[in-house]
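Listing of model-v5.cif, mmCIF, C-alpha atoms
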data_work
#
loop_
_atom_site.label_atom_id
_atom_site.label_comp_id
_atom_site.auth_asym_id
_atom_site.auth_seq_id
_atom_site.Cartn_x
_atom_site.Cartn_y
_atom_site.Cartn_z
CA MET A 1253 -25.87 -38.85 -102.94
CA ASN A 1254 -24.83 -40.69 -99.79
CA CYS A 1255 -24.84 -39.63 -96.15
CA LYS A 1256 -21.30 -38.69 -95.13
CA ASN A 1257 -21.87 -40.12 -91.66
CA CYS A 1258 -23.39 -43.55 -92.28
CA GLY A 1259 -23.30 -43.99 -96.07
CA ASN A 1260 -27.09 -44.24 -96.45
CA ASN A 1261 -28.53 -43.37 -99.89
CA LEU A 1262 -30.20 -39.94 -99.89
CA SER A 1263 -32.44 -38.02 -102.26
CA ALA A 1264 -31.34 -34.61 -103.51
CA THR A 1265 -34.04 -32.82 -101.46
CA GLN A 1266 -33.33 -34.45 -98.09
CA LYS A 1267 -32.09 -32.19 -95.28
CA PHE A 1268 -31.60 -34.97 -92.73
CA CYS A 1269 -30.54 -38.60 -93.07
CA ASP A 1270 -33.47 -40.94 -92.40
CA GLU A 1271 -31.04 -43.61 -91.14
CA CYS A 1272 -28.80 -41.81 -88.61
CA GLY A 1273 -30.59 -38.45 -88.30
CA ALA A 1274 -27.53 -36.38 -89.24
CA LYS A 1275 -28.03 -33.00 -90.90
CA ILE A 1276 -27.02 -32.99 -94.57
CA ILE A 1277 -24.18 -30.50 -95.10
CA GLN A 1278 -23.66 -29.50 -98.72
CA ASN A 1279 -21.80 -26.18 -98.33
CA ARG A 1280 -18.03 -26.10 -97.98
CA LEU A 1281 -16.67 -25.08 -94.61
CA LYS A 1282 -16.14 -21.31 -94.67
CA PRO A 1283 -15.90 -18.69 -91.90
CA LYS A 1284 -19.53 -17.64 -92.44
CA VAL A 1285 -20.78 -21.24 -92.29
CA LEU A 1286 -18.71 -21.94 -89.16
CA ALA A 1287 -20.02 -18.76 -87.48
CA GLN A 1288 -23.60 -19.79 -88.27
CA GLN A 1289 -23.05 -23.23 -86.72
CA VAL A 1290 -21.50 -21.76 -83.56
CA ASN A 1291 -24.38 -19.29 -83.25
CA GLU A 1292 -26.95 -22.04 -83.82
CA HIS A 1293 -25.50 -24.35 -81.18
CA TYR A 1294 -24.38 -21.88 -78.49
CA PHE A 1295 -25.71 -18.34 -78.85
CA SER A 1296 -29.09 -18.57 -80.53
CA ILE A 1297 -31.96 -17.77 -78.17
CA ASP A 1298 -33.63 -21.11 -78.93
CA ASN A 1299 -30.51 -23.27 -78.81
CA LYS A 1300 -30.20 -26.39 -76.68
CA LEU A 1301 -27.51 -24.99 -74.40
CA LEU A 1302 -29.54 -22.04 -73.18
CA LEU A 1303 -32.72 -24.10 -72.95
CA THR A 1304 -30.98 -26.84 -70.94
CA PHE A 1305 -29.41 -24.30 -68.61
CA LEU A 1306 -32.68 -22.47 -67.95
CA ASP A 1307 -34.89 -25.56 -67.62
CA LEU A 1308 -32.51 -27.16 -65.11
CA PHE A 1309 -33.66 -24.29 -62.88
CA ARG A 1310 -37.27 -23.96 -63.98
CA LYS A 1311 -38.21 -27.62 -64.38
CA PRO A 1312 -35.21 -29.91 -63.74
CA GLU A 1313 -37.42 -32.99 -63.61
CA VAL A 1314 -38.39 -32.46 -67.27
CA VAL A 1315 -34.75 -32.30 -68.37
CA ILE A 1316 -33.40 -35.12 -66.21
CA VAL A 1317 -36.31 -37.57 -66.08
CA GLY A 1318 -36.99 -36.88 -69.74
CA TYR A 1319 -33.43 -37.90 -70.61
CA ILE A 1320 -33.71 -41.04 -68.46
CA ASN A 1321 -36.99 -41.97 -70.18
CA GLY A 1322 -35.55 -41.46 -73.67
CA THR A 1323 -36.33 -37.83 -74.60
CA ARG A 1324 -32.90 -36.76 -75.85
CA LYS A 1325 -33.37 -34.27 -78.68
CA LYS A 1326 -34.71 -31.19 -76.92
CA TYR A 1327 -31.87 -30.78 -74.41
CA ILE A 1328 -28.11 -31.26 -74.46
CA ASP A 1329 -26.92 -34.79 -73.77
CA VAL A 1330 -25.85 -35.23 -70.15
CA LEU A 1331 -22.23 -36.12 -70.97
CA GLN A 1332 -21.90 -33.20 -73.38
CA TYR A 1333 -23.32 -30.83 -70.78
CA PHE A 1334 -20.91 -32.11 -68.12
CA THR A 1335 -17.98 -31.82 -70.56
CA LEU A 1336 -19.01 -28.25 -71.35
CA SER A 1337 -19.06 -27.42 -67.64
CA LEU A 1338 -15.52 -28.79 -67.23
CA THR A 1339 -14.39 -26.62 -70.14
CA LEU A 1340 -15.82 -23.58 -68.37
CA THR A 1341 -14.01 -24.66 -65.21
CA GLY A 1342 -10.75 -24.70 -67.18
CA ILE A 1343 -11.39 -21.11 -68.28
CA GLN A 1344 -12.15 -20.15 -64.68
CA VAL A 1345 -8.91 -21.71 -63.41
CA PHE A 1346 -6.91 -19.99 -66.15
CA LEU A 1347 -8.37 -16.59 -65.28
CA MET A 1348 -7.86 -17.14 -61.55
CA SER A 1349 -4.24 -18.17 -61.96
CA THR A 1350 -3.44 -15.47 -64.51
CA PHE A 1351 -5.46 -12.32 -63.84
CA PHE A 1352 -6.81 -12.81 -60.30
CA LYS A 1353 -3.93 -14.62 -58.60
CA GLU A 1354 -3.63 -12.10 -55.78
CA SER A 1355 -7.37 -12.13 -55.16
CA THR A 1356 -7.46 -15.90 -54.80
CA ASP A 1357 -4.46 -16.27 -52.49
CA ILE A 1358 -5.79 -17.96 -49.36
CA SER A 1359 -4.80 -15.96 -46.31
CA SER A 1360 -7.10 -17.06 -43.54
CA GLN A 1361 -5.65 -17.75 -40.10
CA PHE A 1362 -6.33 -21.45 -40.51
CA ILE A 1363 -4.39 -21.65 -43.74
CA ASN A 1364 -1.60 -19.49 -42.37
CA GLY A 1365 -1.30 -21.82 -39.40
CA PHE A 1366 -1.31 -24.80 -41.73
CA ASN A 1367 1.47 -23.30 -43.83
CA ASP A 1368 3.52 -22.33 -40.76
CA ALA A 1369 3.26 -25.85 -39.43
CA SER A 1370 4.18 -27.25 -42.81
CA THR A 1371 7.58 -25.60 -42.67
CA THR A 1372 8.72 -27.95 -39.96
CA THR A 1373 11.09 -30.70 -41.02
CA ASP A 1374 8.93 -33.62 -39.92
CA ASN A 1375 5.64 -32.34 -41.28
CA PRO A 1376 4.52 -34.57 -44.19
CA PHE A 1377 2.62 -31.64 -45.70
CA LYS A 1378 5.55 -29.22 -45.82
CA ASP A 1379 5.51 -29.13 -49.63
CA PHE A 1380 1.72 -28.99 -49.90
CA ASP A 1381 0.33 -25.94 -51.73
CA VAL A 1382 -3.30 -25.36 -50.81
CA ASN A 1383 -3.85 -22.81 -53.58
CA ALA A 1384 -2.61 -25.36 -56.13
CA LEU A 1385 -5.83 -27.33 -55.58
CA ASN A 1386 -7.54 -24.81 -57.87
CA ASN A 1387 -5.59 -26.28 -60.78
CA TYR A 1388 -7.26 -29.66 -60.22
CA GLN A 1389 -10.87 -28.50 -59.93
CA GLY A 1390 -11.93 -30.36 -63.06
CA LEU A 1391 -10.47 -33.63 -61.80
CA ILE A 1392 -12.04 -33.11 -58.38
CA TYR A 1393 -15.46 -32.55 -59.97
CA ILE A 1394 -15.11 -35.74 -62.03
CA LEU A 1395 -14.16 -37.80 -58.98
CA THR A 1396 -17.00 -36.46 -56.80
CA VAL A 1397 -19.82 -37.38 -59.21
CA PRO A 1398 -19.70 -41.15 -58.50
CA PHE A 1399 -19.74 -40.43 -54.77
CA SER A 1400 -22.81 -38.22 -55.04
CA ALA A 1401 -24.49 -40.83 -57.26
CA VAL A 1402 -23.81 -43.55 -54.67
CA GLY A 1403 -25.19 -41.24 -52.00
CA SER A 1404 -28.51 -40.55 -53.73
CA TRP A 1405 -28.98 -44.09 -55.09
CA LEU A 1406 -28.21 -45.81 -51.79
CA ALA A 1407 -30.30 -43.37 -49.74
CA TYR A 1408 -33.40 -43.91 -51.88
CA TYR A 1409 -32.71 -47.64 -52.10
CA ILE A 1410 -32.63 -47.89 -48.29
CA ILE A 1411 -35.99 -46.18 -47.88
CA GLY A 1412 -37.56 -48.32 -50.61
CA GLU A 1413 -37.87 -45.74 -53.39
CA ARG A 1414 -36.21 -47.65 -56.23
CA ALA A 1415 -37.69 -46.06 -59.33
CA TYR A 1416 -34.21 -45.30 -60.64
CA ASN A 1417 -31.21 -47.60 -60.80
CA PHE A 1418 -27.61 -46.53 -60.10
CA THR A 1419 -26.88 -45.49 -63.70
CA GLU A 1420 -30.00 -43.30 -63.70
CA HIS A 1421 -28.90 -41.73 -60.42
CA LEU A 1422 -25.56 -41.11 -62.11
CA VAL A 1423 -27.41 -39.18 -64.83
CA ILE A 1424 -29.23 -37.16 -62.14
CA ASN A 1425 -25.95 -36.26 -60.47
CA LEU A 1426 -24.15 -35.51 -63.75
CA TYR A 1427 -26.80 -32.96 -64.72
CA TYR A 1428 -26.80 -31.55 -61.18
CA SER A 1429 -23.00 -31.36 -61.03
CA ALA A 1430 -22.72 -29.77 -64.47
CA GLN A 1431 -25.23 -27.10 -63.52
CA ILE A 1432 -23.50 -26.14 -60.28
CA ILE A 1433 -20.08 -26.22 -61.96
CA ILE A 1434 -21.32 -23.74 -64.59
CA ILE A 1435 -22.92 -21.50 -61.99
CA THR A 1436 -19.83 -21.66 -59.75
CA ALA A 1437 -17.51 -20.76 -62.61
CA LEU A 1438 -19.69 -17.90 -63.87
CA LEU A 1439 -20.27 -16.39 -60.42
CA THR A 1440 -16.62 -16.76 -59.43
CA ILE A 1441 -15.42 -14.97 -62.56
CA LEU A 1442 -18.09 -12.28 -62.22
CA PHE A 1443 -17.41 -11.57 -58.54
CA LEU A 1444 -13.65 -11.55 -58.99
CA VAL A 1445 -14.02 -8.97 -61.76
CA PHE A 1446 -15.76 -6.75 -59.23
CA GLY A 1447 -13.01 -7.39 -56.65
CA LEU A 1448 -15.07 -9.32 -54.09
CA ASP A 1449 -13.43 -11.65 -51.56
CA TYR A 1450 -12.80 -15.10 -53.03
CA LEU A 1451 -13.32 -17.00 -49.76
CA VAL A 1452 -16.67 -15.29 -49.18
CA ILE A 1453 -17.74 -16.09 -52.74
CA SER A 1454 -16.71 -19.73 -52.39
CA SER A 1455 -18.59 -20.13 -49.11
CA ILE A 1456 -21.81 -18.63 -50.45
CA VAL A 1457 -21.72 -20.65 -53.67
CA TYR A 1458 -20.91 -23.82 -51.72
CA ILE A 1459 -24.02 -23.40 -49.57
CA LEU A 1460 -26.19 -22.71 -52.63
CA THR A 1461 -25.06 -25.97 -54.26
CA PHE A 1462 -26.65 -27.94 -51.41
CA VAL A 1463 -29.83 -25.88 -51.68
CA TYR A 1464 -29.97 -26.70 -55.38
CA LEU A 1465 -29.47 -30.42 -54.70
CA PHE A 1466 -32.40 -30.29 -52.27
CA TYR A 1467 -34.46 -28.59 -55.00
CA ILE A 1468 -33.47 -31.20 -57.60
CA LEU A 1469 -34.46 -34.11 -55.33
CA LYS A 1470 -37.76 -32.46 -54.43
CA ARG A 1471 -38.74 -31.89 -58.05
CA ILE A 1472 -37.63 -35.28 -59.39
CA PHE A 1473 -39.14 -37.43 -56.63
CA LYS A 1474 -42.17 -35.15 -56.08
CA THR A 1475 -42.05 -35.16 -52.28
CA ASN A 1476 -43.02 -32.45 -49.81
CA PHE A 1477 -40.52 -30.29 -47.95
CA TRP A 1478 -40.08 -32.48 -44.87
CA ASN A 1479 -39.89 -35.77 -46.74
CA THR A 1480 -37.34 -34.25 -49.08
CA LEU A 1481 -35.36 -32.91 -46.14
CA GLY A 1482 -35.18 -36.37 -44.60
CA ARG A 1483 -34.06 -37.94 -47.85
CA PHE A 1484 -31.58 -35.13 -48.49
CA SER A 1485 -30.07 -35.61 -45.02
CA LEU A 1486 -29.61 -39.33 -45.66
CA VAL A 1487 -28.03 -38.62 -49.07
CA MET A 1488 -25.55 -36.20 -47.49
CA ALA A 1489 -24.75 -38.60 -44.64
CA ILE A 1490 -23.88 -41.37 -47.10
CA TYR A 1491 -22.01 -38.94 -49.36
CA ILE A 1492 -19.86 -37.55 -46.55
CA GLY A 1493 -19.44 -40.98 -44.98
CA SER A 1494 -18.12 -42.46 -48.24
CA PHE A 1495 -15.59 -39.66 -48.50
CA LEU A 1496 -14.47 -40.23 -44.92
CA ILE A 1497 -14.06 -43.96 -45.51
CA ILE A 1498 -12.05 -43.41 -48.70
CA GLY A 1499 -9.98 -40.74 -46.95
CA LEU A 1500 -9.28 -43.07 -44.05
CA ILE A 1501 -8.21 -45.86 -46.41
CA VAL A 1502 -5.90 -43.47 -48.27
CA LEU A 1503 -4.43 -42.25 -44.98
CA ILE A 1504 -3.79 -45.79 -43.75
CA VAL A 1505 -2.17 -46.76 -47.05
CA GLY A 1506 -0.06 -43.59 -46.93
CA VAL A 1507 1.13 -44.35 -43.40
CA ILE A 1508 1.98 -47.94 -44.33
CA ILE A 1509 3.96 -46.77 -47.34
CA ALA A 1510 5.74 -44.09 -45.29
CA LEU A 1511 6.70 -46.62 -42.61
CA ALA A 1512 7.93 -49.06 -45.24
CA LEU A 1513 10.12 -46.38 -46.86
CA HIS A 1514 11.69 -45.42 -43.51
CA LYS A 1515 12.76 -48.95 -42.70
#
Turn the structure described in the file into structure tokens.
Amino acid sequence: MNCKNCGNNLSATQKFCDECGAKIIQNRLKPKVLAQQVNEHYFSIDNKLLLTFLDLFRKPEVVIVGYINGTRKKYIDVLQYFTLSLTLTGIQVFLMSTFFKESTDISSQFINGFNDASTTTDNPFKDFDVNALNNYQGLIYILTVPFSAVGSWLAYYIIGERAYNFTEHLVINLYYSAQIIIITALLTILFLVFGLDYLVISSIVYILTFVYLFYILKRIFKTNFWNTLGRFSLVMAIYIGSFLIIGLIVLIVGVIIALALHK
């Protein structure tokens, strides 16, 4: 008998391939077998998903630093966890646009003023739909991860704490981002079911994401409150500054293109 994944020769009693580590599957794919696999991977009390989710709150340094140092069997792989969070975001967006559309309509005075101004002929944002941004949440999350990784890596590089390179900071921020995406999606869906105000929910969750980032940095780098606060402030300054620079570049390019088209 050969392994169906790598072709390695196997004995009849083997349950795992000693070459690639894959589980040996001998049963045909049936509804019962499929249900058992889904339960094992996602709903079982000792599965990796639940353990990863809980330990990213209880002991995030064990999950993240462990992955960086090579411990990658106990918890879900960082890219798989981030992909799972984006899938949950897709479900959230679908529910918001289908069942909770009225609840998520933005009606603050600021947005109303923005929309009123956008009706003018010369306003470049006259066709801009603020609520439509919800449909691109997954893409926005993907694009923000490199910025947050640059922020944390550069901040710690500046102060001389260089235990982790940029790729390892990317892993830190992928786990962090996946966790807050999952929490944001779950809380948003839960609160909308109970009819709570979407803007209030978003504001509260947004603040909590920064608190969680502070917690992650404190646990991973093992610093006290004030040292962590200083490092966190530098991370946020670089993070926001990079966004402003990119935004300014995009604005300048947009103006140049607009002027060229009007000539």
Using the chain letters and numbers from the file, which residues does the PyMOL selection byres ((chain A and resi 1258) around 9) grab, as a list of chain:residue names?
->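 Written out, the selection comes to A:Asn1254, A:Cys1255, A:Lys1256, A:Asn1257, A:Gly1259, A:Asn1260, A:Cys1269, A:Glu1271, A:Cys1272, A:Ala1274.
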How would you write, as a PDB file with C-alpha atoms, in the frame of the given file, the residues chosen by the PyMOL selection byres ((chain A and resi 1390) around 10) on this structure?
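So result_33.pdb came out as:
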ATOM      1  CA  THR A1335     -17.980 -31.820 -70.560  1.00  0.00           C
ATOM      2  CA  SER A1337     -19.060 -27.420 -67.640  1.00  0.00           C
ATOM      3  CA  LEU A1338     -15.520 -28.790 -67.230  1.00  0.00           C
ATOM      4  CA  THR A1339     -14.390 -26.620 -70.140  1.00  0.00           C
ATOM      5  CA  LEU A1340     -15.820 -23.580 -68.370  1.00  0.00           C
ATOM      6  CA  THR A1341     -14.010 -24.660 -65.210  1.00  0.00           C
ATOM      7  CA  GLY A1342     -10.750 -24.700 -67.180  1.00  0.00           C
ATOM      8  CA  VAL A1345      -8.910 -21.710 -63.410  1.00  0.00           C
ATOM      9  CA  ASN A1386      -7.540 -24.810 -57.870  1.00  0.00           C
ATOM     10  CA  ASN A1387      -5.590 -26.280 -60.780  1.00  0.00           C
ATOM     11  CA  TYR A1388      -7.260 -29.660 -60.220  1.00  0.00           C
ATOM     12  CA  GLN A1389     -10.870 -28.500 -59.930  1.00  0.00           C
ATOM     13  CA  LEU A1391     -10.470 -33.630 -61.800  1.00  0.00           C
ATOM     14  CA  ILE A1392     -12.040 -33.110 -58.380  1.00  0.00           C
ATOM     15  CA  TYR A1393     -15.460 -32.550 -59.970  1.00  0.00           C
ATOM     16  CA  ILE A1394     -15.110 -35.740 -62.030  1.00  0.00           C
ATOM     17  CA  LEU A1395     -14.160 -37.800 -58.980  1.00  0.00           C
ATOM     18  CA  ILE A1433     -20.080 -26.220 -61.960  1.00  0.00           C
TER      19      ILE A1433
END
Any idea what the distance is between CA of Ile1410 (chain A) and CA of Ile1498 (chain A)?
->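 Straight-line distance from CA of Ile1410 (chain A) to CA of Ile1498 (chain A) works out to 21.1 Å.
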Residue nearest Arg1324 (chain A) - candidates A:Phe1346, A:Ile1497, A:Leu1422, A:Lys1300, atoms counted: only C-alpha atoms =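 Under the stated criterion, the closest residue is A:Lys1300.
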Atomic distance CA of Phe1418 (chain A) - CA of Leu1406 (chain A), expressed in Å with one decimal |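 According to the coordinates, CA of Phe1418 (chain A) and CA of Leu1406 (chain A) are separated by 8.4 Å.
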What does the PyMOL selection byres ((chain A and resi 1317) around 10) select in this file, as a ChimeraX atom specification?
-> /A:1312-1316,1318-1323,1416,1420,1423-1424,1472-1473
For Tyr1327 (chain A), the closest of A:Ile1441, A:Val1487, A:Leu1513, A:Leu1303 counting only C-alpha atoms is A:Leu1303
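Going from CA of Met1488 (chain A) over to CA of Phe1305 (chain A), you cover 24.5 Å.
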Pick out the residues sitting within 10 Å of Phe1466 (chain A), and hand them over as number ranges by chain; count only C-alpha atoms, and ignore anything fewer than 3 positions along from it in its own chain.
-> A: 1460-1463, 1469-1471, 1477, 1480-1481, 1483-1485, 1487
With distances taken over all atoms listed in the file, which of A:Leu1262, A:Asn1479, A:Leu1302, A:Phe1495 is nearest to Lys1326 (chain A)?
->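 When distances to Lys1326 (chain A) are compared using all atoms listed in the file, the smallest one comes from A:Leu1302.
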Out of A:Gln1431, A:Ser1454, A:Leu1439, A:Trp1478, which residue has the shortest atom-to-atom distance to Leu1306 (chain A) when counting only C-alpha atoms?
->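 Among the listed residues, the smallest separation from Leu1306 (chain A) belongs to A:Gln1431.
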Which of these residues is nearest to Tyr1333 (chain A), using only C-alpha atoms: A:Thr1419, A:Ala1264, A:Tyr1467, A:Leu1308?
->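 Closest to Tyr1333 (chain A), using only C-alpha atoms: A:Leu1308.
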